[in-house]
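Data from model-v4.pdb: PDB, C-alpha atoms
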```pdb
ATOM      1  CA  MET F 125       3.576-131.218 159.727
ATOM      2  CA  ASN F 126       0.222-130.760 158.042
ATOM      3  CA  LEU F 127      -2.464-129.762 160.459
ATOM      4  CA  ARG F 128      -5.740-128.039 159.724
ATOM      5  CA  ILE F 129      -7.187-125.966 162.514
ATOM      6  CA  PRO F 130      -9.387-122.869 162.546
ATOM      7  CA  LEU F 131      -7.431-119.662 163.155
ATOM      8  CA  ALA F 132      -9.634-119.133 166.230
ATOM      9  CA  PHE F 133      -7.890-122.066 167.932
ATOM     10  CA  LEU F 134      -4.368-120.766 167.304
ATOM     11  CA  PRO F 135      -2.736-119.636 170.573
ATOM     12  CA  GLU F 136      -1.511-116.064 170.980
ATOM     13  CA  ASN F 137       1.880-115.254 169.372
ATOM     14  CA  LYS F 138       1.907-118.519 167.502
ATOM     15  CA  GLN F 139       2.561-118.376 163.770
ATOM     16  CA  ALA F 140       0.686-120.359 161.130
ATOM     17  CA  THR F 141       0.116-120.539 157.383
ATOM     18  CA  VAL F 142      -3.259-119.964 155.780
ATOM     19  CA  VAL F 143      -4.530-123.154 154.127
ATOM     20  CA  GLU F 144      -7.940-122.018 152.927
ATOM     21  CA  VAL F 145     -10.974-119.916 153.746
ATOM     22  CA  VAL F 146     -14.151-121.913 154.165
ATOM     23  CA  GLY F 147     -17.071-119.598 153.570
ATOM     24  CA  GLY F 148     -19.422-117.979 151.107
ATOM     25  CA  ARG F 149     -18.235-116.016 148.103
ATOM     26  CA  GLY F 150     -18.546-112.658 149.852
ATOM     27  CA  LEU F 151     -16.486-113.642 152.889
ATOM     28  CA  VAL F 152     -13.833-115.410 150.834
ATOM     29  CA  ARG F 153     -13.425-112.372 148.603
ATOM     30  CA  ARG F 154     -13.260-109.968 151.535
ATOM     31  CA  LEU F 155     -10.646-112.057 153.356
ATOM     32  CA  TYR F 156      -8.557-112.412 150.188
ATOM     33  CA  GLU F 157      -8.623-108.628 149.832
ATOM     34  CA  LEU F 158      -7.375-108.314 153.395
ATOM     35  CA  GLY F 159      -4.551-110.662 152.439
ATOM     36  CA  PHE F 160      -5.723-114.023 153.804
ATOM     37  CA  THR F 161      -4.682-115.953 150.704
ATOM     38  CA  PRO F 162      -3.370-119.531 150.897
ATOM     39  CA  ARG F 163       0.286-119.889 152.000
ATOM     40  CA  THR F 164       0.316-116.490 153.728
ATOM     41  CA  LYS F 165       1.780-116.354 157.229
ATOM     42  CA  VAL F 166      -0.497-115.199 160.067
ATOM     43  CA  ARG F 167       0.082-114.626 163.744
ATOM     44  CA  VAL F 168      -2.486-114.151 166.478
ATOM     45  CA  VAL F 169      -1.563-111.006 168.399
ATOM     46  CA  SER F 170      -4.296-111.102 170.958
ATOM     47  CA  SER F 171      -7.278-113.305 171.521
ATOM     48  CA  SER F 172      -9.466-113.800 174.549
ATOM     49  CA  SER F 173     -12.643-115.734 174.129
ATOM     50  CA  PRO F 174     -15.292-114.515 173.687
ATOM     51  CA  GLY F 175     -14.406-111.483 171.627
ATOM     52  CA  PRO F 176     -12.575-110.422 168.502
ATOM     53  CA  VAL F 177      -9.202-111.829 167.460
ATOM     54  CA  LEU F 178      -6.358-109.468 166.600
ATOM     55  CA  VAL F 179      -4.297-110.920 163.784
ATOM     56  CA  ASP F 180      -1.012-109.889 162.181
ATOM     57  CA  ILE F 181      -1.165-110.489 158.443
ATOM     58  CA  ARG F 182       1.304-109.210 155.847
ATOM     59  CA  GLY F 183       2.586-106.556 158.198
ATOM     60  CA  ALA F 184      -0.821-105.166 159.141
ATOM     61  CA  ARG F 185      -2.996-105.793 162.158
ATOM     62  CA  VAL F 186      -6.559-106.791 161.480
ATOM     63  CA  ALA F 187      -9.274-107.424 164.064
ATOM     64  CA  LEU F 188     -11.661-110.180 163.065
ATOM     65  CA  GLY F 189     -14.809-111.518 164.656
ATOM     66  CA  ARG F 190     -14.353-114.896 166.296
ATOM     67  CA  GLY F 191     -16.869-116.446 163.902
ATOM     68  CA  VAL F 192     -14.833-115.286 160.936
ATOM     69  CA  THR F 193     -11.629-116.766 162.375
ATOM     70  CA  MET F 194     -13.417-120.115 162.628
ATOM     71  CA  LYS F 195     -13.664-120.072 158.842
ATOM     72  CA  ILE F 196      -9.980-119.433 158.210
ATOM     73  CA  ILE F 197      -8.212-122.781 158.186
ATOM     74  CA  VAL F 198      -4.514-122.634 159.074
ATOM     75  CA  ASN F 199      -1.540-124.934 159.510
ATOM     76  CA  PRO F 200       0.402-124.074 162.709
ATOM     77  CA  GLU F 201       4.193-124.075 162.547
TER
ATOM     78  CA  MET U  41      -6.848 -76.730 137.288
ATOM     79  CA  ILE U  42      -5.777 -80.330 137.763
ATOM     80  CA  LYS U  43      -8.027 -82.634 139.770
ATOM     81  CA  VAL U  44      -6.129 -85.244 141.731
ATOM     82  CA  ALA U  45      -7.442 -88.035 143.964
ATOM     83  CA  LEU U  46      -5.334 -89.731 146.649
ATOM     84  CA  ILE U  47      -6.136 -93.370 147.273
ATOM     85  CA  GLY U  48      -4.492 -96.260 149.102
ATOM     86  CA  ASN U  49      -4.784 -98.917 151.770
ATOM     87  CA  PRO U  50      -5.440 -97.736 155.316
ATOM     88  CA  ASN U  51      -2.321 -96.570 157.155
ATOM     89  CA  VAL U  52      -0.004 -96.019 154.206
ATOM     90  CA  GLY U  53       0.367 -92.294 154.881
ATOM     91  CA  LYS U  54      -2.336 -90.895 152.620
ATOM     92  CA  SER U  55      -3.339 -88.095 154.920
ATOM     93  CA  LEU U  56       0.259 -87.179 155.668
ATOM     94  CA  ILE U  57       0.968 -86.845 151.953
ATOM     95  CA  PHE U  58      -2.255 -84.881 151.633
ATOM     96  CA  ASN U  59      -1.141 -82.453 154.323
ATOM     97  CA  ASN U  60       2.358 -82.225 152.858
ATOM     98  CA  LEU U  61       0.994 -81.343 149.446
ATOM     99  CA  THR U  62      -1.681 -78.945 150.600
ATOM    100  CA  GLY U  63       0.320 -77.425 153.441
ATOM    101  CA  GLY U  64      -2.420 -77.710 156.012
ATOM    102  CA  LYS U  65      -4.853 -75.663 153.977
ATOM    103  CA  ALA U  66      -7.208 -78.618 154.097
ATOM    104  CA  HIS U  67     -10.797 -78.317 155.102
ATOM    105  CA  VAL U  68     -13.018 -81.231 155.937
ATOM    106  CA  GLY U  69     -16.173 -81.846 153.971
ATOM    107  CA  ASN U  70     -18.838 -84.501 153.895
ATOM    108  CA  TRP U  71     -19.945 -86.625 151.027
ATOM    109  CA  PRO U  72     -23.620 -86.015 150.378
ATOM    110  CA  GLY U  73     -25.674 -88.407 152.456
ATOM    111  CA  LYS U  74     -22.660 -90.319 153.692
ATOM    112  CA  THR U  75     -20.911 -90.335 157.018
ATOM    113  CA  VAL U  76     -17.480 -90.992 155.578
ATOM    114  CA  GLU U  77     -15.424 -87.860 155.141
ATOM    115  CA  LYS U  78     -13.515 -86.646 152.191
ATOM    116  CA  LYS U  79     -10.931 -83.925 152.454
ATOM    117  CA  VAL U  80     -10.277 -81.381 149.736
ATOM    118  CA  GLY U  81      -7.191 -79.192 149.508
ATOM    119  CA  LYS U  82      -5.263 -77.179 146.995
ATOM    120  CA  CYS U  83      -1.665 -76.630 146.034
ATOM    121  CA  VAL U  84       0.122 -74.804 143.257
ATOM    122  CA  TYR U  85       2.916 -76.292 141.177
ATOM    123  CA  LYS U  86       4.671 -73.944 138.735
ATOM    124  CA  GLY U  87       1.593 -71.769 138.403
ATOM    125  CA  VAL U  88      -0.804 -74.666 137.896
ATOM    126  CA  GLU U  89      -3.468 -75.079 140.526
ATOM    127  CA  ILE U  90      -3.926 -78.642 141.750
ATOM    128  CA  GLU U  91      -7.058 -79.704 143.634
ATOM    129  CA  ILE U  92      -6.417 -82.722 145.811
ATOM    130  CA  VAL U  93      -9.073 -85.031 147.238
ATOM    131  CA  ASP U  94      -8.177 -87.490 150.004
ATOM    132  CA  LEU U  95     -10.322 -90.626 149.623
ATOM    133  CA  PRO U  96     -11.078 -93.091 152.421
ATOM    134  CA  GLY U  97      -8.486 -95.827 152.937
ATOM    135  CA  THR U  98      -9.500 -99.030 151.223
ATOM    136  CA  TYR U  99      -8.098-102.461 150.395
ATOM    137  CA  SER U 100     -10.113-102.901 147.221
ATOM    138  CA  LEU U 101     -12.734-101.348 144.992
ATOM    139  CA  THR U 102     -15.591-103.829 145.280
ATOM    140  CA  ALA U 103     -19.093-102.807 146.279
ATOM    141  CA  ASN U 104     -18.694-104.471 149.677
ATOM    142  CA  SER U 105     -18.752-101.424 151.868
ATOM    143  CA  ILE U 106     -19.724 -97.800 151.629
ATOM    144  CA  ASP U 107     -16.183 -96.406 151.829
ATOM    145  CA  GLU U 108     -14.993 -98.619 148.965
ATOM    146  CA  LEU U 109     -17.993 -97.584 146.935
ATOM    147  CA  ILE U 110     -17.305 -93.890 147.599
ATOM    148  CA  ALA U 111     -13.736 -94.273 146.425
ATOM    149  CA  ARG U 112     -14.794 -96.204 143.354
ATOM    150  CA  ASP U 113     -17.640 -93.853 142.422
ATOM    151  CA  TYR U 114     -15.358 -90.867 142.756
ATOM    152  CA  ILE U 115     -12.819 -92.330 140.360
ATOM    153  CA  VAL U 116     -15.398 -93.550 137.846
ATOM    154  CA  LYS U 117     -17.838 -90.654 137.881
ATOM    155  CA  GLU U 118     -15.823 -87.582 138.815
ATOM    156  CA  LYS U 119     -12.961 -88.778 136.633
ATOM    157  CA  PRO U 120     -10.049 -87.001 138.356
ATOM    158  CA  ASP U 121      -7.228 -86.095 135.960
ATOM    159  CA  VAL U 122      -4.760 -88.122 137.996
ATOM    160  CA  VAL U 123      -5.203 -90.784 140.678
ATOM    161  CA  VAL U 124      -2.256 -90.973 143.050
ATOM    162  CA  ASP U 125      -2.130 -94.496 144.421
ATOM    163  CA  ILE U 126      -0.164 -94.418 147.657
ATOM    164  CA  VAL U 127       1.586 -97.713 148.137
ATOM    165  CA  ASP U 128       3.382 -98.866 151.297
ATOM    166  CA  ALA U 129       6.839 -99.807 150.018
ATOM    167  CA  SER U 130       7.434-101.969 153.097
ATOM    168  CA  ASN U 131       4.347-103.977 152.198
ATOM    169  CA  LEU U 132       4.236-104.097 148.420
ATOM    170  CA  GLU U 133       2.408-107.345 147.810
ATOM    171  CA  ARG U 134      -0.647-106.430 149.856
ATOM    172  CA  ASN U 135      -0.814-102.896 148.420
ATOM    173  CA  LEU U 136      -0.469-103.758 144.750
ATOM    174  CA  TYR U 137      -3.852-105.486 144.730
ATOM    175  CA  LEU U 138      -5.581-102.110 144.868
ATOM    176  CA  THR U 139      -3.162-100.796 142.246
ATOM    177  CA  LEU U 140      -4.220-103.505 139.807
ATOM    178  CA  GLN U 141      -7.866-102.682 140.434
ATOM    179  CA  LEU U 142      -7.197 -99.022 139.648
ATOM    180  CA  LEU U 143      -5.455-100.007 136.432
ATOM    181  CA  GLU U 144      -8.448-102.161 135.493
ATOM    182  CA  LEU U 145     -10.617 -99.107 136.063
ATOM    183  CA  GLU U 146      -8.369 -97.426 133.487
ATOM    184  CA  ALA U 147      -7.596 -94.528 135.798
ATOM    185  CA  ASN U 148      -4.645 -92.236 135.074
ATOM    186  CA  VAL U 149      -2.486 -93.650 137.883
ATOM    187  CA  VAL U 150       0.691 -92.282 139.464
ATOM    188  CA  ILE U 151       2.178 -94.445 142.216
ATOM    189  CA  ALA U 152       3.686 -92.864 145.320
ATOM    190  CA  LEU U 153       5.933 -95.520 146.833
ATOM    191  CA  ASN U 154       5.664 -94.271 150.392
ATOM    192  CA  LYS U 155       7.559 -95.394 153.518
ATOM    193  CA  PHE U 156      10.523 -95.923 151.215
ATOM    194  CA  ASP U 157      12.871 -95.407 154.196
ATOM    195  CA  VAL U 158      11.120 -98.160 156.168
ATOM    196  CA  ALA U 159      11.495-100.544 153.226
ATOM    197  CA  GLU U 160      15.209 -99.727 153.015
ATOM    198  CA  ASP U 161      15.628-100.278 156.757
ATOM    199  CA  LEU U 162      14.015-103.683 156.320
ATOM    200  CA  GLY U 163      16.645-104.462 153.698
ATOM    201  CA  TYR U 164      14.236-104.422 150.738
ATOM    202  CA  GLU U 165      15.737-103.391 147.444
ATOM    203  CA  ILE U 166      12.977-102.131 145.193
ATOM    204  CA  ASN U 167      13.742-101.685 141.520
ATOM    205  CA  VAL U 168      11.609 -98.581 140.983
ATOM    206  CA  SER U 169      12.116 -98.261 137.238
ATOM    207  CA  GLU U 170      11.326-101.946 136.679
ATOM    208  CA  LEU U 171       8.148-101.647 138.765
ATOM    209  CA  SER U 172       7.137 -98.636 136.711
ATOM    210  CA  LYS U 173       7.821-100.546 133.494
ATOM    211  CA  LEU U 174       5.831-103.611 134.613
ATOM    212  CA  LEU U 175       2.811-101.577 135.675
ATOM    213  CA  GLY U 176       3.072 -99.055 132.869
ATOM    214  CA  VAL U 177       2.674 -96.034 135.168
ATOM    215  CA  PRO U 178       5.075 -93.552 136.810
ATOM    216  CA  VAL U 179       6.391 -94.555 140.249
ATOM    217  CA  VAL U 180       7.790 -91.979 142.706
ATOM    218  CA  PRO U 181       9.519 -93.060 145.932
ATOM    219  CA  THR U 182       8.394 -90.876 148.851
ATOM    220  CA  VAL U 183       9.007 -90.506 152.566
ATOM    221  CA  ALA U 184       5.989 -88.557 153.766
ATOM    222  CA  THR U 185       7.266 -88.128 157.342
ATOM    223  CA  THR U 186      10.230 -86.050 156.134
ATOM    224  CA  GLN U 187       8.469 -84.634 153.051
ATOM    225  CA  GLY U 188      10.851 -86.624 150.867
ATOM    226  CA  GLY U 189       9.867 -86.919 147.219
ATOM    227  CA  MET U 190       7.019 -84.399 147.406
ATOM    228  CA  GLU U 191       8.367 -82.050 144.735
ATOM    229  CA  LYS U 192       9.009 -84.988 142.435
ATOM    230  CA  LEU U 193       5.479 -86.248 143.102
ATOM    231  CA  LYS U 194       3.950 -82.886 142.175
ATOM    232  CA  GLU U 195       6.059 -82.733 139.045
ATOM    233  CA  THR U 196       5.047 -86.267 138.024
ATOM    234  CA  VAL U 197       1.365 -85.542 138.674
ATOM    235  CA  ALA U 198       1.518 -82.347 136.592
ATOM    236  CA  ARG U 199       3.145 -84.238 133.736
ATOM    237  CA  ALA U 200       0.671 -87.143 133.928
ATOM    238  CA  ALA U 201      -2.246 -84.695 133.880
ATOM    239  CA  LYS U 202      -1.068 -83.294 130.574
ATOM    240  CA  GLU U 203      -1.203 -86.705 128.948
ATOM    241  CA  LYS U 204      -4.537 -87.195 130.652
ATOM    242  CA  SER U 205      -5.639 -90.239 128.788
ATOM    243  CA  ARG U 206      -7.841 -92.876 130.330
ATOM    244  CA  ARG U 207      -6.392 -95.847 128.641
ATOM    245  CA  ARG U 208      -5.894 -99.521 129.101
ATOM    246  CA  ILE U 209      -2.341 -99.918 130.290
ATOM    247  CA  ILE U 210      -2.217-103.540 131.262
ATOM    248  CA  GLU U 211      -4.610-106.425 130.861
ATOM    249  CA  ILE U 212      -4.623-108.916 133.681
ATOM    250  CA  SER U 213      -5.230-112.487 132.614
ATOM    251  CA  TYR U 214      -7.749-114.565 134.580
ATOM    252  CA  GLY U 215      -7.046-117.768 132.674
ATOM    253  CA  LYS U 216      -8.089-118.678 129.135
ATOM    254  CA  LYS U 217     -11.708-119.592 129.791
ATOM    255  CA  ILE U 218     -12.549-116.497 131.812
ATOM    256  CA  ASP U 219     -10.589-114.205 129.484
ATOM    257  CA  GLU U 220     -12.716-115.410 126.576
ATOM    258  CA  LEU U 221     -15.890-114.782 128.525
ATOM    259  CA  ILE U 222     -14.692-111.305 129.523
ATOM    260  CA  ALA U 223     -13.974-110.527 125.872
ATOM    261  CA  LYS U 224     -17.458-111.693 124.815
ATOM    262  CA  ILE U 225     -19.247-109.610 127.434
ATOM    263  CA  GLU U 226     -17.011-106.655 126.641
ATOM    264  CA  ARG U 227     -17.973-106.802 122.961
ATOM    265  CA  ILE U 228     -21.666-106.793 123.860
ATOM    266  CA  LEU U 229     -21.275-103.882 126.275
ATOM    267  CA  GLN U 230     -19.388-101.804 123.738
ATOM    268  CA  LYS U 231     -22.618-101.443 121.750
ATOM    269  CA  ASP U 232     -24.073 -99.381 124.605
ATOM    270  CA  GLU U 233     -22.293 -96.075 124.182
ATOM    271  CA  ASN U 234     -24.054 -94.426 127.102
ATOM    272  CA  LEU U 235     -22.454 -97.023 129.316
ATOM    273  CA  THR U 236     -18.955 -97.035 127.855
ATOM    274  CA  LYS U 237     -18.864 -93.247 127.995
ATOM    275  CA  ILE U 238     -18.729 -93.590 131.783
ATOM    276  CA  TYR U 239     -17.278 -97.034 132.485
ATOM    277  CA  PRO U 240     -14.476 -99.035 130.859
ATOM    278  CA  ALA U 241     -16.165-101.971 129.092
ATOM    279  CA  ARG U 242     -13.633-104.584 130.179
ATOM    280  CA  TRP U 243     -13.974-103.497 133.792
ATOM    281  CA  LEU U 244     -17.772-103.817 133.597
ATOM    282  CA  ALA U 245     -17.395-107.273 132.068
ATOM    283  CA  ILE U 246     -15.147-108.413 134.914
ATOM    284  CA  LYS U 247     -17.567-107.021 137.490
ATOM    285  CA  VAL U 248     -20.499-108.806 135.809
ATOM    286  CA  LEU U 249     -18.629-112.086 136.278
ATOM    287  CA  GLU U 250     -17.904-111.173 139.904
ATOM    288  CA  ALA U 251     -21.648-110.532 140.355
ATOM    289  CA  ASP U 252     -20.920-107.035 141.679
ATOM    290  CA  ASP U 253     -24.273-105.702 142.941
ATOM    291  CA  GLU U 254     -23.804-102.118 141.785
ATOM    292  CA  VAL U 255     -22.621-103.079 138.318
ATOM    293  CA  LEU U 256     -25.468-105.568 137.857
ATOM    294  CA  LYS U 257     -27.916-102.754 138.679
ATOM    295  CA  ILE U 258     -26.319-100.581 135.993
ATOM    296  CA  ILE U 259     -26.358-103.378 133.412
ATOM    297  CA  GLU U 260     -30.030-104.133 134.075
ATOM    298  CA  LYS U 261     -30.933-100.740 132.624
ATOM    299  CA  SER U 262     -28.853-101.264 129.498
ATOM    300  CA  PRO U 263     -30.469-102.386 126.218
ATOM    301  CA  CYS U 264     -27.853-105.134 125.900
ATOM    302  CA  VAL U 265     -28.903-106.881 129.105
ATOM    303  CA  GLN U 266     -30.685-109.670 127.164
ATOM    304  CA  GLU U 267     -27.563-110.541 125.196
ATOM    305  CA  ILE U 268     -25.627-110.927 128.424
ATOM    306  CA  VAL U 269     -28.372-113.040 129.971
ATOM    307  CA  ASN U 270     -28.103-115.283 126.904
ATOM    308  CA  LEU U 271     -24.470-115.904 127.837
ATOM    309  CA  LEU U 272     -25.430-117.158 131.301
ATOM    310  CA  PRO U 273     -25.174-120.871 130.449
ATOM    311  CA  GLU U 274     -21.483-120.309 129.655
ATOM    312  CA  MET U 275     -20.763-118.637 132.987
TER
END
```
Please express what this file holds, its structure, as structure tokens.
Amino acid sequence: MNLRIPLAFLPENKQATVVEVVGGRGLVRRLYELGFTPRTKVRVVSSSSPGPVLVDIRGARVALGRGVTMKIIVNPE
Amino acid sequence: MIKVALIGNPNVGKSLIFNNLTGGKAHVGNWPGKTVEKKVGKCVYKGVEIEIVDLPGTYSLTANSIDELIARDYIVKEKPDVVVDIVDASNLERNLYLTLQLLELEANVVIALNKFDVAEDLGYEINVSELSKLLGVPVVPTVATTQGGMEKLKETVARAAKEKSRRRIIEISYGKKIDELIAKIERILQKDENLTKIYPARWLAIKVLEADDEVLKIIEKSPCVQEIVNLLPEM
């Protein structure tokens, strides 16, 4: 199944695969450094709108602003 | 005295290794004008005094944030004899990005493959000697929580410090077109000896293409800035 949704819309504890990061050069570079490269698995640990989203990526937990998670496009499993 | 810097991603056990090596003799100091702390400690290995600096945890060495810049400036300007890159063995892929950046900076790198027990528990089989061969630097498995591998780490650091060469170990390819451009900019920059005394030319060239703010500021003051500007249509 090939869906494209922003990471912000992924429900808690649901796993997905990063498709792309839609943003400026600075944000894309920063998120790549944190490990948000295409085909990487991500899981939302905790998210309650409004507020930051806690994400599990490559075995580390990263808190991201909700705006940033709108720019990470994922494919839910 | 050997000057050693500890660097690595956040939460890989840097500070634990720091405390293991220095035996709690650490004192906390501030970087001038910065709020981020660095810790300095000392240890002795076979009569040789080793000064160890614990750098802030970082995922990369871009000029994005002040802690990354501190880490980068320390390695480039203070030129520690050895940089110990602490890598989380249970999370190799994410950690090796920083390792490659250190190698591009042509630092004298020793890798501490920490959390080796966690990696084994997860069923990972890491071929340490192959990793060392691929990266061209010594790799020491460590378990900081039980002090495992600390003596070996000290020994490896002492040996690496003797060789003490800042050299290009590996060259990462960015694809033919970009590699050619890097080579061109590198050749121009090599004419400015004041610059290449401090910074590796290839690293500067890569950072120019990344439009790294700090590096662009440095290049602006160089007499070869015009030649690089002339290359702009190719970029």
Practice task
Run through the ChimeraX specification (/F :<12) & /U on the given coordinates and return the selected residues as a ChimeraX atom specification.
Solution key: /U:49-52,98-105,108,128-138,141,159,162,250-253
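What the PyMOL selection byres ((chain F and resi 199) around 7) matches in the given file is Asn126, Leu127, Arg128, Ile129, Ala140, Thr141, Val142, Val143, Val198, Pro200 and Glu201 of chain F.
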Exercise for the section: Spell out the residues picked by the PyMOL selection byres ((chain U and resi 143) around 10) here, as number ranges by chain. Expected result: U: 138-142, 144-149, 175-177, 206-212, 243
Problem - Straight-line distance linking CA of Val122 (chain U) with CA of Leu46 (chain U), stated in Å to one decimal - result: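 Computed distance, CA of Val122 (chain U) to CA of Leu46 (chain U), equals 8.8 Å.
Note that CA of Val145 (chain F) and CA of Ser172 (chain F) are 21.7 Å apart.
Closest to Met41 (chain U) among U:Phe156, U:Tyr164, U:Tyr114, U:Tyr85 is U:Tyr85, based on all atoms listed in the file.
Between CA of Gln230 (chain U) and CA of Val255 (chain U) lies a distance of 15.0 Å.
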Handout entry: U:Ile268, U:Asp107, U:Gly188, U:Thr196 ranked by distance to Glu226 (chain U), top pick (using all atoms listed in the file)
Key =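 Closest candidate: U:Ile268.
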Practice task
Tell me which protein, DNA and RNA residues are within 9 Å of Val179 (chain F), counting all atoms listed in the file, leaving out same-chain ones fewer than 2 positions away, and put them as JSON, numbers by chain.
Solution key: {"F": [166, 167, 168, 169, 170, 171, 177, 181, 184, 185, 186, 187, 188]}
Exercise for the section: Have a look at F:Pro162, F:Pro135, F:Gly148, F:Pro130 and name the one nearest to Ile196 (chain F); count all atoms listed in the file. Expected result: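 Of F:Pro162, F:Pro135, F:Gly148, F:Pro130, the one nearest Ile196 (chain F) is F:Pro130, counting all atoms listed in the file.
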Output region 138-156 of chain F with N, CA and C atoms present, as a compact mmCIF listing (two decimals), in the coordinates of the input.
```txt
# COMPACT_ATOMS: atom_id res chain seq x y z
N LYS F 138 1.49 -117.36 168.28
CA LYS F 138 1.91 -118.52 167.50
C LYS F 138 1.70 -118.20 166.03
N GLN F 139 2.65 -118.63 165.21
CA GLN F 139 2.56 -118.38 163.77
C GLN F 139 1.96 -119.57 163.03
N ALA F 140 1.27 -119.29 161.93
CA ALA F 140 0.69 -120.36 161.13
C ALA F 140 0.60 -119.91 159.68
N THR F 141 0.26 -120.85 158.81
CA THR F 141 0.12 -120.54 157.38
C THR F 141 -1.34 -120.74 156.99
N VAL F 142 -1.87 -119.82 156.22
CA VAL F 142 -3.26 -119.96 155.78
C VAL F 142 -3.36 -121.13 154.79
N VAL F 143 -4.30 -122.03 155.04
CA VAL F 143 -4.53 -123.15 154.13
C VAL F 143 -5.68 -122.81 153.18
N GLU F 144 -6.81 -122.42 153.76
CA GLU F 144 -7.94 -122.02 152.93
C GLU F 144 -8.94 -121.24 153.77
N VAL F 145 -9.87 -120.59 153.07
CA VAL F 145 -10.97 -119.92 153.75
C VAL F 145 -12.24 -120.67 153.38
N VAL F 146 -12.94 -121.14 154.41
CA VAL F 146 -14.15 -121.91 154.16
C VAL F 146 -15.34 -121.00 154.44
N GLY F 147 -15.95 -120.50 153.38
CA GLY F 147 -17.07 -119.60 153.57
C GLY F 147 -17.75 -119.29 152.26
N GLY F 148 -18.70 -118.39 152.31
CA GLY F 148 -19.42 -117.98 151.11
C GLY F 148 -18.54 -117.10 150.24
N ARG F 149 -19.04 -116.78 149.05
CA ARG F 149 -18.24 -116.02 148.10
C ARG F 149 -17.83 -114.65 148.66
N GLY F 150 -18.80 -114.00 149.33
CA GLY F 150 -18.55 -112.66 149.85
C GLY F 150 -17.43 -112.65 150.88
N LEU F 151 -17.50 -113.60 151.83
CA LEU F 151 -16.49 -113.64 152.89
C LEU F 151 -15.12 -114.01 152.32
N VAL F 152 -15.10 -114.98 151.42
CA VAL F 152 -13.83 -115.41 150.83
C VAL F 152 -13.18 -114.24 150.11
N ARG F 153 -13.98 -113.50 149.35
CA ARG F 153 -13.42 -112.37 148.60
C ARG F 153 -12.88 -111.31 149.55
N ARG F 154 -13.67 -110.99 150.57
CA ARG F 154 -13.26 -109.97 151.54
C ARG F 154 -11.95 -110.35 152.22
N LEU F 155 -11.85 -111.63 152.65
CA LEU F 155 -10.65 -112.06 153.36
C LEU F 155 -9.44 -112.10 152.42
N TYR F 156 -9.65 -112.46 151.17
CA TYR F 156 -8.56 -112.41 150.19
C TYR F 156 -8.06 -110.98 150.04
```
